[in-house]
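Heads up, query39.txt below (compact mmCIF, C-alpha atoms):
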```txt
# COMPACT_ATOMS: atom_id res chain seq x y z
CA MET A 400 -2.65 -1.82 112.92
CA VAL A 401 -4.52 -3.78 110.26
CA GLY A 402 -5.10 -7.34 111.44
CA ALA A 403 -3.54 -6.72 114.85
CA GLU A 404 -6.33 -8.67 116.48
CA THR A 405 -5.50 -11.66 114.30
CA SER A 406 -2.01 -12.12 115.72
CA SER A 407 -3.51 -12.42 119.18
CA ARG A 408 -5.22 -15.63 118.11
CA ILE A 409 -1.79 -17.31 118.14
CA GLU A 410 -0.54 -17.39 121.70
CA ARG A 411 3.12 -17.10 122.56
CA SER A 412 4.38 -19.92 124.73
CA SER A 413 7.64 -21.24 126.10
CA THR A 414 8.89 -24.74 125.46
CA VAL A 415 12.33 -24.26 126.99
CA PRO A 416 13.01 -22.14 130.10
CA GLY A 417 14.29 -18.72 129.11
CA THR A 418 13.06 -18.99 125.49
CA GLU A 419 9.82 -18.37 123.67
CA GLU A 420 8.37 -19.42 120.35
CA LEU A 421 8.57 -16.81 117.62
CA VAL A 422 5.50 -15.35 115.91
CA ILE A 423 6.24 -13.82 112.51
CA ASN A 424 4.26 -12.33 109.63
CA MET A 425 4.62 -13.64 106.10
CA GLY A 426 2.88 -11.09 103.91
CA PRO A 427 0.72 -9.38 102.91
CA GLN A 428 3.61 -7.68 101.06
CA HIS A 429 5.42 -10.88 100.22
CA PRO A 430 5.81 -12.31 96.71
CA SER A 431 5.51 -15.91 97.85
CA THR A 432 2.02 -15.43 99.29
CA HIS A 433 0.75 -14.96 95.71
CA GLY A 434 -1.28 -11.86 96.44
CA VAL A 435 -2.30 -9.88 99.48
CA LEU A 436 -2.34 -12.78 101.93
CA ARG A 437 -1.02 -12.36 105.45
CA VAL A 438 0.11 -15.63 107.02
CA ILE A 439 0.89 -15.51 110.75
CA LEU A 440 3.34 -18.24 111.67
CA LYS A 441 4.25 -19.54 115.10
CA LEU A 442 7.72 -21.08 114.92
CA ASP A 443 9.81 -23.23 117.19
CA GLY A 444 13.15 -22.70 115.52
CA GLU A 445 12.47 -23.53 111.86
CA THR A 446 9.48 -25.78 112.62
CA VAL A 447 5.94 -24.45 112.14
CA LYS A 448 3.84 -24.93 115.26
CA ASP A 449 0.74 -22.96 114.28
CA VAL A 450 -0.64 -21.03 111.29
CA ASP A 451 -3.30 -18.38 110.95
CA CYS A 452 -4.41 -16.57 107.78
CA ASP A 453 -5.51 -12.93 107.69
CA ILE A 454 -7.43 -12.23 104.50
CA GLY A 455 -9.65 -9.44 103.21
CA TYR A 456 -7.07 -6.97 101.90
CA LEU A 457 -8.60 -7.27 98.41
CA HIS A 458 -12.26 -7.29 99.48
CA ARG A 459 -14.47 -5.31 97.09
CA GLY A 460 -17.99 -6.37 98.05
CA THR A 461 -18.53 -8.26 94.81
CA GLU A 462 -21.47 -10.27 96.10
CA LYS A 463 -23.32 -7.14 97.24
CA ILE A 464 -22.58 -5.46 93.92
CA GLY A 465 -24.21 -8.43 92.20
CA GLU A 466 -27.38 -7.80 94.19
CA ASN A 467 -27.66 -4.23 92.92
CA ILE A 468 -27.17 -4.63 89.17
CA THR A 469 -28.79 -6.79 86.50
CA TYR A 470 -27.77 -10.34 85.71
CA THR A 471 -26.13 -9.26 82.46
CA MET A 472 -24.31 -6.31 84.02
CA PHE A 473 -22.66 -8.62 86.57
CA ILE A 474 -20.82 -10.69 83.96
CA PRO A 475 -17.77 -8.34 83.76
CA TYR A 476 -17.44 -8.41 87.55
CA THR A 477 -16.82 -12.16 87.39
CA ASP A 478 -13.67 -11.44 85.32
CA ARG A 479 -12.15 -9.85 88.41
CA LEU A 480 -12.67 -12.84 90.71
CA ASP A 481 -10.17 -15.43 89.50
CA TYR A 482 -8.53 -12.96 87.15
CA ILE A 483 -5.97 -15.59 86.14
CA ALA A 484 -8.79 -17.65 84.61
CA ALA A 485 -11.44 -15.03 83.89
CA PRO A 486 -13.40 -16.95 81.19
CA SER A 487 -13.92 -19.82 83.62
CA CYS A 488 -15.62 -17.44 86.06
CA ASN A 489 -17.73 -16.00 83.23
CA LEU A 490 -18.86 -19.52 82.39
CA ALA A 491 -19.88 -20.33 85.96
CA TRP A 492 -22.07 -17.22 86.18
CA VAL A 493 -23.81 -17.45 82.81
CA GLN A 494 -24.54 -21.15 83.32
CA ALA A 495 -25.89 -20.44 86.80
CA VAL A 496 -28.31 -17.84 85.44
CA GLU A 497 -29.23 -20.04 82.47
CA SER A 498 -30.22 -22.77 84.96
CA PHE A 499 -33.36 -20.73 85.73
CA PHE A 500 -34.55 -21.09 82.14
CA ASP A 501 -35.15 -23.87 79.62
CA TRP A 502 -33.10 -22.20 76.91
CA GLU A 503 -31.44 -24.47 74.37
CA ILE A 504 -27.90 -23.17 74.03
CA PRO A 505 -26.58 -23.77 70.47
CA ASP A 506 -24.05 -26.58 70.15
CA ARG A 507 -21.46 -24.31 68.57
CA ALA A 508 -21.59 -22.04 71.62
CA LEU A 509 -21.19 -25.03 73.96
CA PHE A 510 -18.08 -26.24 72.13
CA ILE A 511 -16.51 -22.78 71.96
CA ARG A 512 -17.21 -22.33 75.67
CA SER A 513 -15.31 -25.53 76.40
CA ILE A 514 -12.41 -24.53 74.14
CA VAL A 515 -12.08 -21.18 75.88
CA ALA A 516 -12.48 -22.72 79.35
CA GLU A 517 -9.68 -25.21 78.68
CA LEU A 518 -7.42 -22.50 77.27
CA SER A 519 -8.17 -20.64 80.49
CA ARG A 520 -7.17 -23.72 82.51
CA ILE A 521 -3.88 -23.97 80.65
CA ALA A 522 -3.15 -20.25 81.17
CA SER A 523 -3.92 -20.58 84.88
CA HIS A 524 -1.79 -23.68 85.36
CA LEU A 525 1.09 -22.09 83.43
CA LEU A 526 1.09 -19.06 85.71
CA TRP A 527 0.87 -21.39 88.72
CA LEU A 528 3.83 -23.49 87.56
CA ALA A 529 5.88 -20.42 86.68
CA THR A 530 5.46 -18.77 90.08
CA HIS A 531 5.56 -22.01 92.06
CA ALA A 532 8.84 -23.01 90.43
CA LEU A 533 10.27 -19.53 90.96
CA ASP A 534 9.35 -19.70 94.67
CA ILE A 535 11.40 -22.86 94.98
CA GLY A 536 14.30 -21.49 92.93
CA ALA A 537 13.70 -22.61 89.32
CA MET A 538 14.10 -19.58 87.07
CA THR A 539 14.08 -21.14 83.61
CA VAL A 540 10.64 -22.73 84.01
CA PHE A 541 9.24 -19.31 84.91
CA LEU A 542 10.39 -17.87 81.60
CA TRP A 543 9.25 -20.87 79.57
CA CYS A 544 5.74 -20.95 81.09
CA PHE A 545 5.20 -17.27 80.39
CA ARG A 546 6.27 -17.87 76.80
CA GLU A 547 3.41 -20.34 76.29
CA ARG A 548 0.96 -18.32 78.37
CA GLU A 549 1.49 -15.34 76.07
CA MET A 550 0.28 -17.53 73.20
CA VAL A 551 -2.96 -18.24 75.06
CA LEU A 552 -3.45 -14.57 75.91
CA ASP A 553 -2.91 -13.73 72.24
CA LEU A 554 -5.77 -16.10 71.42
CA PHE A 555 -8.02 -14.42 73.98
CA GLU A 556 -7.16 -11.00 72.61
CA ARG A 557 -7.92 -12.10 69.07
CA ALA A 558 -11.36 -13.48 69.98
CA PHE A 559 -12.53 -11.18 72.78
CA GLY A 560 -10.32 -8.07 72.70
CA ALA A 561 -8.79 -8.58 76.16
CA ARG A 562 -5.91 -10.58 77.57
CA LEU A 563 -6.44 -10.80 81.34
CA THR A 564 -9.96 -9.79 82.39
CA VAL A 565 -11.53 -11.58 79.44
CA ASN A 566 -15.28 -11.06 79.08
CA ALA A 567 -15.96 -14.09 76.92
CA PHE A 568 -19.56 -15.25 77.30
CA ARG A 569 -23.12 -13.95 77.36
CA LEU A 570 -26.40 -15.29 78.67
CA GLY A 571 -27.67 -17.65 76.01
CA GLY A 572 -24.31 -18.31 74.37
CA LEU A 573 -21.72 -15.90 72.99
CA TYR A 574 -21.86 -12.23 72.07
CA GLN A 575 -20.53 -13.07 68.63
CA ASP A 576 -18.76 -15.94 66.90
CA VAL A 577 -15.00 -16.28 67.22
CA PRO A 578 -12.93 -15.55 64.08
CA GLN A 579 -11.58 -18.45 62.05
CA GLU A 580 -8.05 -17.25 62.81
CA PHE A 581 -8.71 -17.95 66.50
CA LEU A 582 -9.61 -21.54 65.73
CA ASP A 583 -6.62 -22.00 63.42
CA ASP A 584 -4.17 -20.55 65.93
CA ALA A 585 -5.72 -22.59 68.76
CA ARG A 586 -5.02 -25.76 66.80
CA LYS A 587 -1.43 -24.67 66.15
CA PHE A 588 -1.00 -24.01 69.87
CA ILE A 589 -2.26 -27.40 71.03
CA GLU A 590 -0.01 -29.15 68.51
CA LEU A 591 2.97 -27.30 69.99
CA PHE A 592 2.02 -27.32 73.66
CA PRO A 593 2.49 -31.00 74.72
CA GLY A 594 6.14 -30.81 73.66
CA ARG A 595 6.58 -27.73 75.83
CA VAL A 596 5.12 -29.60 78.82
CA ASP A 597 7.73 -32.28 78.13
CA ASP A 598 10.36 -29.55 78.49
CA TYR A 599 8.99 -28.51 81.88
CA GLU A 600 9.12 -32.10 83.03
CA THR A 601 12.68 -32.52 81.80
CA LEU A 602 13.73 -29.70 84.10
CA LEU A 603 11.66 -30.53 87.15
CA THR A 604 10.04 -33.95 87.47
CA GLU A 605 13.22 -35.91 88.26
CA ASN A 606 15.28 -32.95 89.47
CA ARG A 607 16.74 -33.91 92.84
CA ILE A 608 16.37 -30.42 94.31
CA TRP A 609 12.74 -30.28 93.18
CA LEU A 610 12.09 -33.70 94.69
CA GLN A 611 13.65 -32.70 98.00
CA ARG A 612 11.53 -29.55 98.18
CA THR A 613 8.20 -31.16 97.18
CA ARG A 614 8.06 -34.90 97.90
CA GLY A 615 6.57 -35.70 101.29
CA VAL A 616 5.90 -32.01 101.99
CA GLY A 617 2.44 -30.65 102.85
CA VAL A 618 0.74 -34.04 102.93
CA ILE A 619 -3.03 -34.24 103.37
CA SER A 620 -5.03 -37.46 103.27
CA ALA A 621 -8.12 -37.99 101.15
CA GLU A 622 -10.27 -38.11 104.29
CA ASP A 623 -8.92 -34.82 105.61
CA ALA A 624 -9.17 -33.18 102.18
CA LEU A 625 -12.85 -34.11 102.01
CA ASP A 626 -13.44 -32.93 105.58
CA TYR A 627 -11.99 -29.52 104.75
CA GLY A 628 -14.07 -29.29 101.56
CA LEU A 629 -11.00 -29.05 99.33
CA THR A 630 -11.59 -29.38 95.60
CA GLY A 631 -9.64 -29.30 92.37
CA PRO A 632 -6.05 -30.52 91.96
CA ILE A 633 -5.49 -30.58 95.74
CA LEU A 634 -8.32 -33.07 96.27
CA ARG A 635 -7.35 -35.16 93.26
CA ALA A 636 -3.71 -35.26 94.37
CA SER A 637 -4.92 -36.93 97.57
CA GLY A 638 -6.47 -39.75 95.55
CA VAL A 639 -10.09 -38.55 95.21
CA LYS A 640 -11.25 -38.78 91.60
CA TRP A 641 -13.70 -35.87 91.60
CA ASP A 642 -14.06 -33.47 88.69
CA LEU A 643 -17.30 -31.63 87.94
CA ARG A 644 -16.60 -31.85 84.21
CA ARG A 645 -17.01 -35.60 84.59
CA ALA A 646 -19.34 -35.85 87.61
CA LYS A 647 -21.84 -33.20 86.42
CA PRO A 648 -20.95 -32.54 82.77
CA TYR A 649 -21.74 -29.16 81.25
CA ALA A 650 -20.95 -27.27 78.02
CA ALA A 651 -19.32 -29.74 75.56
CA TYR A 652 -17.76 -32.01 78.18
CA PRO A 653 -20.32 -34.80 77.69
CA TYR A 654 -18.98 -35.23 74.14
CA VAL A 655 -15.23 -35.45 74.79
CA ASN A 656 -12.97 -38.05 76.33
CA PHE A 657 -10.40 -37.11 78.96
CA THR A 658 -8.63 -38.55 81.95
CA VAL A 659 -9.10 -37.24 85.49
CA PRO A 660 -5.62 -37.56 87.02
CA VAL A 661 -5.25 -38.53 90.68
CA GLY A 662 -2.27 -38.74 93.01
CA GLU A 663 -1.40 -41.16 95.77
CA ASN A 664 0.43 -39.21 98.46
CA GLY A 665 -1.39 -35.87 98.61
CA ASP A 666 1.86 -33.90 98.84
CA VAL A 667 3.26 -30.89 96.99
CA TYR A 668 4.85 -33.18 94.40
CA ASP A 669 1.59 -34.97 93.57
CA ARG A 670 -0.21 -31.64 93.22
CA TYR A 671 2.47 -30.65 90.72
CA LEU A 672 2.08 -33.89 88.75
CA VAL A 673 -1.72 -33.66 88.68
CA ARG A 674 -1.64 -30.18 87.19
CA LEU A 675 0.87 -31.23 84.53
CA VAL A 676 -1.43 -34.03 83.42
CA GLU A 677 -4.39 -31.64 83.49
CA MET A 678 -2.61 -29.33 81.05
CA ARG A 679 -2.04 -32.23 78.68
CA GLU A 680 -5.67 -33.29 79.00
CA SER A 681 -6.84 -29.72 78.37
CA ALA A 682 -4.92 -29.72 75.08
CA SER A 683 -6.62 -33.02 74.16
CA ILE A 684 -10.07 -31.63 75.01
CA ILE A 685 -9.45 -28.55 72.88
CA GLU A 686 -8.35 -30.72 69.96
CA GLN A 687 -11.49 -32.86 70.22
CA CYS A 688 -13.71 -29.80 70.42
CA LEU A 689 -12.05 -28.29 67.36
CA ASP A 690 -12.51 -31.55 65.45
CA MET A 691 -16.20 -31.77 66.37
CA LEU A 692 -17.00 -28.04 66.26
CA PRO A 693 -20.39 -27.65 64.56
CA GLY A 694 -21.58 -24.71 62.55
CA GLY A 695 -24.66 -22.62 63.19
CA PRO A 696 -25.55 -19.80 65.57
CA VAL A 697 -23.67 -19.04 68.78
CA SER A 698 -26.58 -17.68 70.80
CA CYS A 699 -30.18 -18.63 71.43
CA LYS A 700 -33.07 -16.19 71.48
CA THR A 701 -33.26 -14.50 74.88
CA PRO A 702 -35.60 -11.79 76.21
CA ARG A 703 -34.35 -8.23 76.16
CA THR A 704 -34.69 -8.04 79.94
CA ILE A 705 -33.54 -11.09 81.90
CA LYS A 706 -35.97 -11.83 84.74
CA PRO A 707 -35.50 -15.36 86.11
CA PRO A 708 -38.52 -16.87 87.84
CA ALA A 709 -38.58 -16.60 91.62
CA GLY A 710 -36.49 -19.33 93.21
CA GLU A 711 -32.94 -20.29 94.06
CA ILE A 712 -30.21 -22.28 92.35
CA TYR A 713 -26.60 -23.28 92.88
CA HIS A 714 -24.36 -24.06 89.96
CA GLY A 715 -20.70 -25.02 90.13
CA THR A 716 -18.04 -25.53 87.48
CA GLU A 717 -14.61 -27.15 87.57
CA ASN A 718 -12.32 -24.13 87.48
CA PRO A 719 -8.52 -24.51 87.42
CA LYS A 720 -8.35 -24.12 91.20
CA GLY A 721 -11.37 -26.25 92.09
CA GLU A 722 -15.13 -25.96 92.32
CA PHE A 723 -16.25 -22.42 91.56
CA GLY A 724 -19.94 -21.88 92.10
CA PHE A 725 -22.69 -19.28 92.35
CA TYR A 726 -25.72 -19.44 94.61
CA ILE A 727 -28.44 -17.13 93.33
CA VAL A 728 -31.80 -16.26 94.82
CA SER A 729 -34.23 -14.67 92.36
CA ASP A 730 -37.32 -12.68 93.33
CA GLY A 731 -38.54 -12.47 89.75
CA THR A 732 -36.99 -9.08 89.00
CA GLU A 733 -34.08 -8.20 86.73
CA THR A 734 -31.79 -7.87 89.77
CA PRO A 735 -30.75 -10.88 91.92
CA TYR A 736 -32.11 -10.87 95.46
CA ARG A 737 -29.03 -12.74 96.75
CA VAL A 738 -25.68 -13.61 95.18
CA ARG A 739 -23.18 -15.78 96.97
CA ILE A 740 -19.91 -17.06 95.54
CA ARG A 741 -18.25 -20.39 96.35
CA PRO A 742 -14.58 -19.64 95.56
CA PRO A 743 -12.14 -22.58 95.61
CA SER A 744 -9.21 -20.44 96.78
CA PHE A 745 -11.08 -19.43 99.94
CA ILE A 746 -12.05 -23.01 100.80
CA ASN A 747 -8.68 -24.51 99.89
CA LEU A 748 -6.85 -21.89 101.94
CA ALA A 749 -8.70 -23.14 105.02
CA GLY A 750 -6.56 -26.27 104.83
CA LEU A 751 -3.26 -24.35 105.04
CA LYS A 752 -2.84 -24.99 108.77
CA LYS A 753 -3.35 -28.73 108.29
CA LEU A 754 -0.75 -28.72 105.52
CA CYS A 755 1.88 -26.61 107.28
CA VAL A 756 1.98 -27.58 110.97
CA GLY A 757 5.05 -29.71 111.62
CA GLU A 758 6.80 -28.63 108.42
CA LEU A 759 9.76 -26.27 108.13
CA LEU A 760 9.45 -22.54 107.46
CA ALA A 761 10.91 -22.96 103.95
CA ASP A 762 8.24 -25.58 103.22
CA VAL A 763 5.46 -23.06 103.83
CA ILE A 764 6.48 -21.32 100.58
CA ALA A 765 6.20 -24.56 98.62
CA ILE A 766 2.88 -25.46 100.25
CA ILE A 767 1.22 -22.09 99.55
CA GLY A 768 2.39 -22.35 95.95
CA SER A 769 0.93 -25.84 95.63
CA ILE A 770 -2.51 -24.62 96.75
CA ASP A 771 -2.58 -22.11 93.86
CA ILE A 772 -4.63 -19.32 95.39
CA VAL A 773 -5.92 -16.11 93.84
CA LEU A 774 -6.99 -13.52 96.36
CA GLY A 775 -9.43 -11.89 93.94
CA GLU A 776 -11.87 -14.77 94.38
CA CYS A 777 -10.81 -15.51 97.96
CA ASP A 778 -11.64 -12.03 99.31
CA ARG A 779 -14.46 -11.20 96.83
```

Could you express the structure from this file as structure tokens?
Amino acid sequence: MVGAETSSRIERSSTVPGTEELVINMGPQHPSTHGVLRVILKLDGETVKDVDCDIGYLHRGTEKIGENITYTMFIPYTDRLDYIAAPSCNLAWVQAVESFFDWEIPDRALFIRSIVAELSRIASHLLWLATHALDIGAMTVFLWCFREREMVLDLFERAFGARLTVNAFRLGGLYQDVPQEFLDDARKFIELFPGRVDDYETLLTENRIWLQRTRGVGVISAEDALDYGLTGPILRASGVKWDLRRAKPYAAYPYVNFTVPVGENGDVYDRYLVRLVEMRESASIIEQCLDMLPGGPVSCKTPRTIKPPAGEIYHGTENPKGEFGFYIVSDGTETPYRVRIRPPSFINLAGLKKLCVGELLADVIAIIGSIDIVLGECDR
């Protein structure tokens, strides 16, 4: 049986004579595990005593593929990592490869990259909120979030011809400029969107059922979050103000103003609030980029065959789920010698046991939703 050896890592034990703790599987065929994740739970009644994760059901050998094709050919494979925010993964890869060179990326390309990356963040957070709310029992928010997400996917389709696995960027900039209609519709969307976020908050933020299911649940301190290497909204919800867009600015982020939201309690509720603020800030960033968008070319002059100098680099970006990075070793040929991916879902999932032990079985659903995992990047 697949993963049978994993269940043996959680030992059965008796706390009361004549009884034993129950070991159950949640997933991999379970809608609330948000993909093909198998969570092995050890329960004492309804209380979680131990947690183990069995991953790898979506493993495709992406890193090894990257070592056998050219740097340019690997760009579409990054779409399939965090497929909920594909342009953000494109951006991490192209910037990582560009770090080998002293190319001067045109300003227009930098601003468009940031616009698309923030639209990608909004689309990702909308899907997270929709499914997270549905897990806890809120149906209306699910429908509303998908309504707005469709608008973002329409924008992607208009500019890049795809809605989900969006291949947005190229080494040196963009493949071609985005149409003016894309920019016009993006501005219409960000004028509409903050009011829609208000609607989500009206339904959830002070809802007593939502508060009971999220406040004080899945708490992790700032110290523990840092020890586990957590990044993104989970880390910020624990009070750590760390965002690569601010700490190590890239693309057009040095030119825009935005707030990095932080929480106080590090629970499911604070992770919800942080992501809501992030969606509002993303709309503000897009508006600023549209206002400052320069003219000119969208790509610099690059060689026909990309052969980075021998060496190694690591480059990370602030994706919707946390720090997404590529470690690349070049041997001077057109094919990478080594490609390694730093996926936030994989690292953040390592903290699931810390978040769940001592909570109730029903809380595990809310906690997994608050981590916001995508198994495409987790399994690679």

Handout entry: Separation of CA of Thr630 (chain A) from CA of Gly775 (chain A) in Å
Key =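 A separation of 17.7 Å between them.
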
Practice task
May I have the residues at most 12 Å from (10.1, -24.3, 102.1) in the file's coordinates, counting all atoms listed in the file, as an MDAnalysis selection string?
Solution key: chainID A and resid 431 445:447 531:532 534:536 608:609 611:617 667 755 758:769

Handout entry: From A:Leu442, A:Leu436, A:Gln687, A:Thr701, residue lying nearest Ile454 (chain A) [all atoms listed in the file]
Key =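 Once distances to Ile454 (chain A) are computed over all atoms listed in the file, the minimum belongs to A:Leu436.
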
Problem - Distance criterion (all atoms listed in the file): nearest to Gly715 (chain A) out of A:Leu629, A:Leu643, A:Ala650, A:Leu672 - result: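 The closest residue to Gly715 (chain A) is A:Leu643.
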
Handout entry: Contact residues around region 482-484 of chain A with only C-alpha atoms at 12 Å, ignoring same-chain residues under 2 positions, as a PyMOL selection string
Key = chain A and resi 433-434+475-480+486-491+515-527+548+551-552+555+561-567+717-721+723+771-777+779

Handout entry: Point-to-point distance in Å for CA of Val493 (chain A) and CA of Gly465 (chain A)
Key = 13.0 Å

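Interatomic distance, CA of Asp451 (chain A) to CA of Glu622 (chain A): 22.0 Å.
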
Exercise for the section: Using all atoms listed in the file, pick whichever of A:Lys448, A:Trp641, A:Met538, A:Val673 has the shortest atom-to-atom distance to Gly628 (chain A). Expected result: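 The answer is A:Trp641, which sits nearest to Gly628 (chain A).
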
Starting from 4 Å padding per side, set up an axis-aligned box that covers all listed atoms of region 421-435 of chain A and hand over centre and edge lengths in Å, one decimal, as JSON.
```
{"center_x": 3.1, "center_y": -12.2, "center_z": 106.7, "size_x": 18.9, "size_y": 17.1, "size_z": 29.9}
```

Practice task
Between A:Arg459, A:Arg741, A:Arg635, A:His429, single out the one closest to Gly724 (chain A), counting only C-alpha atoms.
Solution key: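 Checking each of A:Arg459, A:Arg741, A:Arg635, A:His429 against Gly724 (chain A), counting only C-alpha atoms, the winner is A:Arg741.
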
Handout entry: Which of A:Val738, A:Gly426, A:Asp553, A:Glu605 sits closest to Ala585 (chain A) [using all atoms listed in the file]
Key = A:Asp553

Problem - Selection as number ranges by chain: residues within 8 Å of (-24.5, -19.6, 88.7), counting all atoms listed in the file - result: A: 491-498, 712-715, 724-727

Practice task
Tell me, as a ChimeraX atom specification, which residues lie within 6 Å of Ala529 (chain A), counting only C-alpha atoms; anything in the same chain fewer than 4 positions away does not count.
Solution key: /A:540-541,544

Exercise for the section: Pick out the closest residue to Tyr736 (chain A) from this set: A:Glu466, A:Asp501, A:Asp666, A:Glu419. Count all atoms listed in the file. Expected result: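 When distances to Tyr736 (chain A) are compared using all atoms listed in the file, the smallest one comes from A:Glu466.
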
Assuming the input is short of atoms at region 469-488 of chain A, produce N, CA and C atoms for that part as a PDB file, in the coordinates of the input.
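Result file is rebuild-v9.pdb:
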```
ATOM      1  N   THR A 469     -28.087  -5.721  87.199  1.00  0.00           N
ATOM      2  CA  THR A 469     -28.790  -6.790  86.500  1.00  0.00           C
ATOM      3  C   THR A 469     -27.886  -8.004  86.294  1.00  0.00           C
ATOM      4  N   TYR A 470     -28.516  -9.097  85.922  1.00  0.00           N
ATOM      5  CA  TYR A 470     -27.770 -10.340  85.710  1.00  0.00           C
ATOM      6  C   TYR A 470     -26.724 -10.187  84.614  1.00  0.00           C
ATOM      7  N   THR A 471     -27.072  -9.468  83.561  1.00  0.00           N
ATOM      8  CA  THR A 471     -26.130  -9.260  82.460  1.00  0.00           C
ATOM      9  C   THR A 471     -24.999  -8.330  82.867  1.00  0.00           C
ATOM     10  N   MET A 472     -25.327  -7.287  83.605  1.00  0.00           N
ATOM     11  CA  MET A 472     -24.310  -6.310  84.020  1.00  0.00           C
ATOM     12  C   MET A 472     -23.255  -6.929  84.942  1.00  0.00           C
ATOM     13  N   PHE A 473     -23.595  -8.026  85.623  1.00  0.00           N
ATOM     14  CA  PHE A 473     -22.660  -8.620  86.570  1.00  0.00           C
ATOM     15  C   PHE A 473     -21.590  -9.464  85.886  1.00  0.00           C
ATOM     16  N   ILE A 474     -21.779  -9.810  84.631  1.00  0.00           N
ATOM     17  CA  ILE A 474     -20.820 -10.690  83.960  1.00  0.00           C
ATOM     18  C   ILE A 474     -19.397 -10.135  84.009  1.00  0.00           C
ATOM     19  N   PRO A 475     -19.146  -8.841  83.703  1.00  0.00           N
ATOM     20  CA  PRO A 475     -17.770  -8.340  83.760  1.00  0.00           C
ATOM     21  C   PRO A 475     -17.154  -8.385  85.174  1.00  0.00           C
ATOM     22  N   TYR A 476     -17.988  -8.340  86.195  1.00  0.00           N
ATOM     23  CA  TYR A 476     -17.440  -8.410  87.550  1.00  0.00           C
ATOM     24  C   TYR A 476     -16.853  -9.790  87.838  1.00  0.00           C
ATOM     25  N   THR A 477     -17.374 -10.822  87.168  1.00  0.00           N
ATOM     26  CA  THR A 477     -16.820 -12.160  87.390  1.00  0.00           C
ATOM     27  C   THR A 477     -15.400 -12.278  86.829  1.00  0.00           C
ATOM     28  N   ASP A 478     -15.046 -11.433  85.853  1.00  0.00           N
ATOM     29  CA  ASP A 478     -13.670 -11.440  85.320  1.00  0.00           C
ATOM     30  C   ASP A 478     -12.660 -11.147  86.426  1.00  0.00           C
ATOM     31  N   ARG A 479     -13.079 -10.351  87.393  1.00  0.00           N
ATOM     32  CA  ARG A 479     -12.150  -9.850  88.410  1.00  0.00           C
ATOM     33  C   ARG A 479     -12.081 -10.765  89.628  1.00  0.00           C
ATOM     34  N   LEU A 480     -12.743 -11.902  89.595  1.00  0.00           N
ATOM     35  CA  LEU A 480     -12.670 -12.840  90.710  1.00  0.00           C
ATOM     36  C   LEU A 480     -11.386 -13.655  90.574  1.00  0.00           C
ATOM     37  N   ASP A 481     -11.420 -14.755  89.839  1.00  0.00           N
ATOM     38  CA  ASP A 481     -10.170 -15.430  89.500  1.00  0.00           C
ATOM     39  C   ASP A 481      -9.673 -14.800  88.205  1.00  0.00           C
ATOM     40  N   TYR A 482      -8.957 -13.701  88.339  1.00  0.00           N
ATOM     41  CA  TYR A 482      -8.530 -12.960  87.150  1.00  0.00           C
ATOM     42  C   TYR A 482      -7.446 -13.680  86.366  1.00  0.00           C
ATOM     43  N   ILE A 483      -6.919 -14.769  86.899  1.00  0.00           N
ATOM     44  CA  ILE A 483      -5.970 -15.590  86.140  1.00  0.00           C
ATOM     45  C   ILE A 483      -6.713 -16.513  85.181  1.00  0.00           C
ATOM     46  N   ALA A 484      -7.978 -16.779  85.466  1.00  0.00           N
ATOM     47  CA  ALA A 484      -8.790 -17.650  84.610  1.00  0.00           C
ATOM     48  C   ALA A 484     -10.171 -17.023  84.441  1.00  0.00           C
ATOM     49  N   ALA A 485     -10.199 -15.797  83.953  1.00  0.00           N
ATOM     50  CA  ALA A 485     -11.440 -15.030  83.890  1.00  0.00           C
ATOM     51  C   ALA A 485     -12.560 -15.724  83.097  1.00  0.00           C
ATOM     52  N   PRO A 486     -12.290 -16.317  81.921  1.00  0.00           N
ATOM     53  CA  PRO A 486     -13.400 -16.950  81.190  1.00  0.00           C
ATOM     54  C   PRO A 486     -14.075 -18.066  81.971  1.00  0.00           C
ATOM     55  N   SER A 487     -13.319 -18.754  82.818  1.00  0.00           N
ATOM     56  CA  SER A 487     -13.920 -19.820  83.620  1.00  0.00           C
ATOM     57  C   SER A 487     -14.938 -19.263  84.599  1.00  0.00           C
ATOM     58  N   CYS A 488     -14.666 -18.083  85.158  1.00  0.00           N
ATOM     59  CA  CYS A 488     -15.620 -17.440  86.060  1.00  0.00           C
ATOM     60  C   CYS A 488     -16.833 -16.930  85.298  1.00  0.00           C
TER      61      CYS A 488
END
```
